[in-house]
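model_19.txt (compact mmCIF, C-alpha atoms)
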# COMPACT_ATOMS: atom_id res chain seq x y z
CA MET J 654 24.27 52.07 -8.27
CA ASN J 655 25.70 48.84 -9.61
CA THR J 656 22.72 46.84 -10.88
CA ASP J 657 24.75 44.02 -12.45
CA SER J 658 24.07 40.42 -11.38
CA LYS J 659 27.81 40.01 -10.74
CA ASN J 660 27.51 42.42 -7.81
CA VAL J 661 25.28 40.05 -5.82
CA VAL J 662 28.11 37.89 -4.47
CA ASP J 663 30.19 40.88 -3.45
CA LEU J 664 27.22 42.51 -1.75
CA TYR J 665 26.44 39.44 0.36
CA ARG J 666 30.09 39.13 1.32
CA ARG J 667 30.43 42.74 2.42
CA GLN J 668 27.04 42.85 4.11
CA ALA J 669 27.08 39.37 5.71
CA ALA J 670 26.94 40.61 9.29
CA SER J 671 24.20 43.12 8.50
CA TRP J 672 22.18 40.47 6.67
CA ALA J 673 22.48 38.09 9.63
CA ARG J 674 21.35 40.80 12.07
CA ASN J 675 18.38 41.88 9.98
CA ARG J 676 17.09 38.55 8.63
CA SER J 677 13.87 37.72 10.47
CA ARG J 678 13.93 34.47 12.46
CA ASP J 679 10.13 34.16 12.12
CA LEU J 680 9.70 31.03 10.04
CA ILE J 681 6.98 32.22 7.66
CA GLU J 682 8.27 29.54 5.26
CA ARG J 683 7.25 26.71 7.62
CA LYS J 684 4.17 25.53 5.69
CA TRP J 685 6.20 25.25 2.47
CA LEU J 686 9.09 23.53 4.21
CA ASP J 687 6.64 21.02 5.68
CA ARG J 688 5.15 20.35 2.23
CA PHE J 689 8.69 19.86 0.90
CA LEU J 690 9.56 17.49 3.74
CA ASP J 691 6.37 15.48 3.16
CA LEU J 692 7.83 14.46 -0.23
CA LEU J 693 11.09 13.19 1.28
CA PRO J 694 12.04 9.93 2.99
CA GLU J 695 12.84 9.74 6.69
CA ASN J 696 16.11 11.49 7.65
CA PRO J 697 16.63 12.81 4.12
CA SER J 698 19.71 14.33 2.60
CA VAL J 699 18.93 17.93 1.64
CA LEU J 700 21.00 20.42 -0.35
CA ASP J 701 20.29 24.09 0.40
CA LEU J 702 21.63 26.24 -2.44
CA GLY J 703 22.31 29.80 -1.34
CA CYS J 704 21.88 28.85 2.31
CA GLY J 705 23.20 32.12 3.74
CA PHE J 706 23.96 31.77 7.44
CA GLY J 707 21.48 28.91 7.88
CA ASP J 708 18.89 30.50 10.13
CA PRO J 709 15.95 29.99 10.31
CA ILE J 710 15.47 27.61 7.35
CA GLY J 711 18.59 25.47 7.78
CA ARG J 712 18.01 25.27 11.51
CA TYR J 713 14.46 24.02 10.98
CA LEU J 714 15.54 21.37 8.47
CA ILE J 715 18.23 20.07 10.83
CA GLU J 716 15.72 20.00 13.69
CA ARG J 717 13.38 17.96 11.49
CA GLY J 718 16.06 15.30 11.00
CA CYS J 719 17.57 16.32 7.67
CA ALA J 720 21.20 15.64 6.84
CA LEU J 721 21.69 19.17 5.57
CA THR J 722 24.39 20.40 3.20
CA GLY J 723 24.36 24.16 2.69
CA ILE J 724 26.30 26.00 0.03
CA ASP J 725 26.82 29.71 -0.43
CA THR J 726 29.29 31.89 -2.30
CA SER J 727 29.94 34.02 0.79
CA PRO J 728 32.64 32.61 3.09
CA GLU J 729 31.48 35.11 5.70
CA LEU J 730 27.94 33.70 5.73
CA ILE J 731 29.22 30.12 5.75
CA ASP J 732 31.42 30.90 8.76
CA LEU J 733 28.34 32.18 10.59
CA ALA J 734 26.45 29.00 9.68
CA LYS J 735 29.27 26.77 10.90
CA ALA J 736 29.40 28.59 14.23
CA ALA J 737 25.64 28.59 14.83
CA LEU J 738 24.67 25.21 13.33
CA PRO J 739 27.46 22.64 13.59
CA GLY J 740 24.93 19.92 12.78
CA GLY J 741 24.96 20.97 9.14
CA HIS J 742 27.63 20.53 6.49
CA TRP J 743 28.53 23.99 5.16
CA ILE J 744 30.46 24.60 1.93
CA VAL J 745 31.66 27.74 0.15
CA SER J 746 30.69 27.20 -3.49
CA ASP J 747 28.97 28.82 -6.43
CA MET J 748 25.76 26.91 -7.15
CA ARG J 749 26.30 27.31 -10.90
CA ASP J 750 29.53 25.28 -10.78
CA LEU J 751 28.43 22.67 -8.28
CA ARG J 752 29.73 19.11 -8.68
CA LEU J 753 29.56 17.26 -5.37
CA ASP J 754 29.64 13.74 -6.84
CA ARG J 755 26.70 12.62 -4.71
CA SER J 756 22.91 12.63 -4.81
CA PHE J 757 20.37 14.30 -2.54
CA ASP J 758 16.77 13.54 -1.62
CA GLY J 759 15.81 17.19 -1.71
CA PHE J 760 16.95 20.56 -3.06
CA LEU J 761 16.06 23.98 -1.77
CA ALA J 762 16.83 27.27 -3.52
CA TRP J 763 14.78 29.65 -1.42
CA ASN J 764 15.28 33.31 -2.33
CA SER J 765 18.63 32.48 -3.90
CA SER J 766 18.54 31.29 -7.51
CA PHE J 767 16.47 34.32 -8.48
CA HIS J 768 19.66 36.38 -8.05
CA LEU J 769 21.06 34.59 -11.12
CA THR J 770 20.71 35.79 -14.69
CA PRO J 771 18.01 34.10 -16.79
CA GLU J 772 20.64 32.05 -18.63
CA ASP J 773 22.26 30.91 -15.38
CA GLN J 774 18.85 29.96 -14.01
CA ARG J 775 18.27 27.75 -17.05
CA HIS J 776 21.61 26.06 -16.39
CA MET J 777 20.67 25.33 -12.76
CA PHE J 778 18.17 22.66 -13.78
CA SER J 779 21.07 20.53 -15.04
CA VAL J 780 22.76 21.04 -11.66
CA PHE J 781 19.59 19.88 -9.88
CA GLU J 782 19.26 16.81 -12.09
CA ARG J 783 22.93 15.88 -11.73
CA HIS J 784 22.64 15.76 -7.92
CA ALA J 785 19.15 14.23 -7.64
CA THR J 786 18.04 10.83 -6.44
CA ASP J 787 15.32 9.18 -8.53
CA THR J 788 12.60 10.51 -6.21
CA ALA J 789 14.13 13.86 -5.24
CA ALA J 790 12.01 16.91 -4.40
CA LEU J 791 12.89 20.45 -5.45
CA MET J 792 11.59 23.73 -4.06
CA PHE J 793 12.62 27.19 -5.25
CA THR J 794 11.32 30.74 -5.47
CA THR J 795 11.11 33.02 -8.49
CA GLY J 796 9.68 36.32 -9.61
CA SER J 797 6.04 36.60 -10.62
CA GLN J 798 6.83 37.27 -14.29
CA ALA J 799 9.73 37.22 -16.73
CA GLY J 800 12.21 40.06 -16.47
CA VAL J 801 14.80 41.74 -14.27
CA ALA J 802 13.97 43.58 -11.05
CA ILE J 803 16.41 45.57 -8.94
CA GLY J 804 15.78 45.47 -5.23
CA GLU J 805 17.80 47.03 -2.43
CA PHE J 806 19.68 45.91 0.64
CA ALA J 807 21.73 48.12 2.96
CA GLY J 808 21.37 50.98 0.50
CA GLU J 809 22.78 48.94 -2.39
CA ALA J 810 21.16 47.60 -5.55
CA LEU J 811 20.29 43.91 -5.44
CA TYR J 812 19.70 42.09 -8.74
CA HIS J 813 16.80 39.67 -9.28
CA ALA J 814 15.60 37.96 -12.46
CA SER J 815 12.88 35.55 -13.46
CA LEU J 816 11.83 33.43 -16.40
CA ASP J 817 8.16 33.09 -17.24
CA GLU J 818 5.95 30.39 -15.79
CA ARG J 819 5.78 28.27 -18.94
CA GLU J 820 9.57 28.16 -19.25
CA TYR J 821 10.02 26.99 -15.65
CA ILE J 822 7.50 24.22 -16.28
CA THR J 823 9.31 23.21 -19.47
CA LEU J 824 12.70 23.19 -17.77
CA LEU J 825 11.38 21.06 -14.92
CA GLN J 826 9.92 18.56 -17.37
CA GLN J 827 13.08 18.45 -19.46
CA HIS J 828 15.04 17.57 -16.33
CA THR J 829 12.64 14.87 -15.08
CA PHE J 830 10.71 16.92 -12.49
CA GLU J 831 6.95 17.37 -12.25
CA VAL J 832 5.26 20.35 -10.62
CA VAL J 833 3.50 19.42 -7.37
CA GLU J 834 2.41 22.92 -6.38
CA HIS J 835 3.01 26.46 -7.61
CA VAL J 836 1.74 29.61 -5.93
CA ILE J 837 2.32 33.15 -7.19
CA GLU J 838 2.90 35.74 -4.45
CA ASP J 839 1.69 33.64 -1.53
CA PRO J 840 0.20 36.18 0.93
CA ASP J 841 0.96 33.89 3.86
CA CYS J 842 4.65 33.64 2.97
CA GLY J 843 5.84 37.18 2.34
CA HIS J 844 4.33 37.13 -1.17
CA ALA J 845 6.92 34.60 -2.31
CA CYS J 846 6.40 32.90 -5.67
CA VAL J 847 7.01 29.26 -4.80
CA TRP J 848 7.61 26.17 -6.93
CA LEU J 849 7.49 22.69 -5.44
CA ALA J 850 8.38 19.78 -7.73
CA HIS J 851 9.10 16.05 -7.48
CA ARG J 852 11.33 13.96 -9.67
CA ASN J 853 9.66 11.33 -11.84
CA VAL J 854 12.03 8.96 -13.65
Representation of the structure as C-alpha cells:
Amino acid sequence: MNTDSKNVVDLYRRQAASWARNRSRDLIERKWLDRFLDLLPENPSVLDLGCGFGDPIGRYLIERGCALTGIDTSPELIDLAKAALPGGHWIVSDMRDLRLDRSFDGFLAWNSSFHLTPEDQRHMFSVFERHATDTAALMFTTGSQAGVAIGEFAGEALYHASLDEREYITLLQQHTFEVVEHVIEDPDCGHACVWLAHRNV
C-alpha cells in the first residue's frame, strides 16, 4: 500500500464518486459550525480549504448566508460541488500554494489539512494569515497527538499527520490568532479534534 502523503490527492481524484456516495449527509459538525459562525459578521466571506464536493458542510454555510469559496485539489470533487451547489464559488487549487489576493472573514479546514505533512501544516498558517481579515475566525481539525497515522478509504491507504498541541498553539499565536476553543476527540462530533481560533491584531 502506498502510505505517502503525495498519494492523497490522487486517491481523492480516483475515488471522488465513491467518496460522494459514502460521505454521510448527517451534519454532526453543526454545533462547531454554529460556534464558528458566531465569530463572524453577517453574510461573511468564508474560505473552505479541502471542501470536497461541498455537502453537507458547504451547503450549510451557504444556507446560513455565507459567501462561500471552496477549494480542493480534485477537479472531480469540484465539478460535483459546482453541479450541486451553484451558490458557492468553487476552485481547483492546492491549499499549500493558495494566493487569491483577497481576504476572508472565516477559514475552515475540516478534515483536510491533516492530510498534509507536518512541514506543510506549519506552512498553512502563513496561508491563513495572508488571506485573513483583521477579525477572521479559523477552524480546523487535527490528530490527537503528534505523529503520522495511516487510515483507509476504498481499500487504499490514506495519510494523516498531526503536530502536537503546543506547536499548534504557538503557530496560531505567531500568525496573530488566539485559541477560542479546543476539544480533543469530541464524542459528539465523530471524535474529531477541533480547533477554533479568532484573529487578534
Which residues of region 728-771 of chain J come within 9 Å of region 790-801 of chain J, and for each one, what is the closest pair of atoms and their distance in Å to one decimal, counting all atoms listed in the file, sorted by chain and residue number, as CSV?
residue,atom,partner,partner_atom,distance
J:Phe757,CA,J:Ala790,CA,9.0
J:Asp758,CA,J:Ala790,CA,6.5
J:Gly759,CA,J:Ala790,CA,4.7
J:Phe760,CA,J:Leu791,CA,4.7
J:Leu761,CA,J:Met792,CA,5.0
J:Ala762,CA,J:Phe793,CA,4.6
J:Trp763,CA,J:Phe793,CA,5.0
J:Asn764,CA,J:Thr794,CA,5.7
J:Ser765,CA,J:Thr794,CA,7.7
J:Ser766,CA,J:Thr794,CA,7.5
J:Phe767,CA,J:Thr795,CA,5.5
J:Thr770,CA,J:Val801,CA,8.4
J:Pro771,CA,J:Gly800,CA,8.3
(message) I need the residue nearest Glu834 (chain J) from this list: J:Arg667, J:His851, J:His813, J:Arg783. Use all atoms listed in the file for the distance.
(response)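 So, comparing all the options, the nearest one is J:His851.
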(message) Report, in Å with one decimal, the straight-line distance from CA of Ser658 (chain J) to CA of Gly808 (chain J).
(response)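 So the two atoms, CA of Ser658 (chain J) and CA of Gly808 (chain J), lie 16.1 Å apart.
Distance check against Gly718 (chain J) using only C-alpha atoms: of J:Ala810, J:Leu690, J:Leu730, J:Ile744, the minimum falls on J:Leu690.
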(message) Give me, as a list in words, all polymer residues having an atom no more than 8 Å from Gly707 (chain J), counting all atoms listed in the file and skipping those fewer than 4 positions away in the same chain.
(response)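 After dropping sequence-adjacent residues, the list is Gly711, Arg712, Gly723, Ala734 and Leu738 of chain J.
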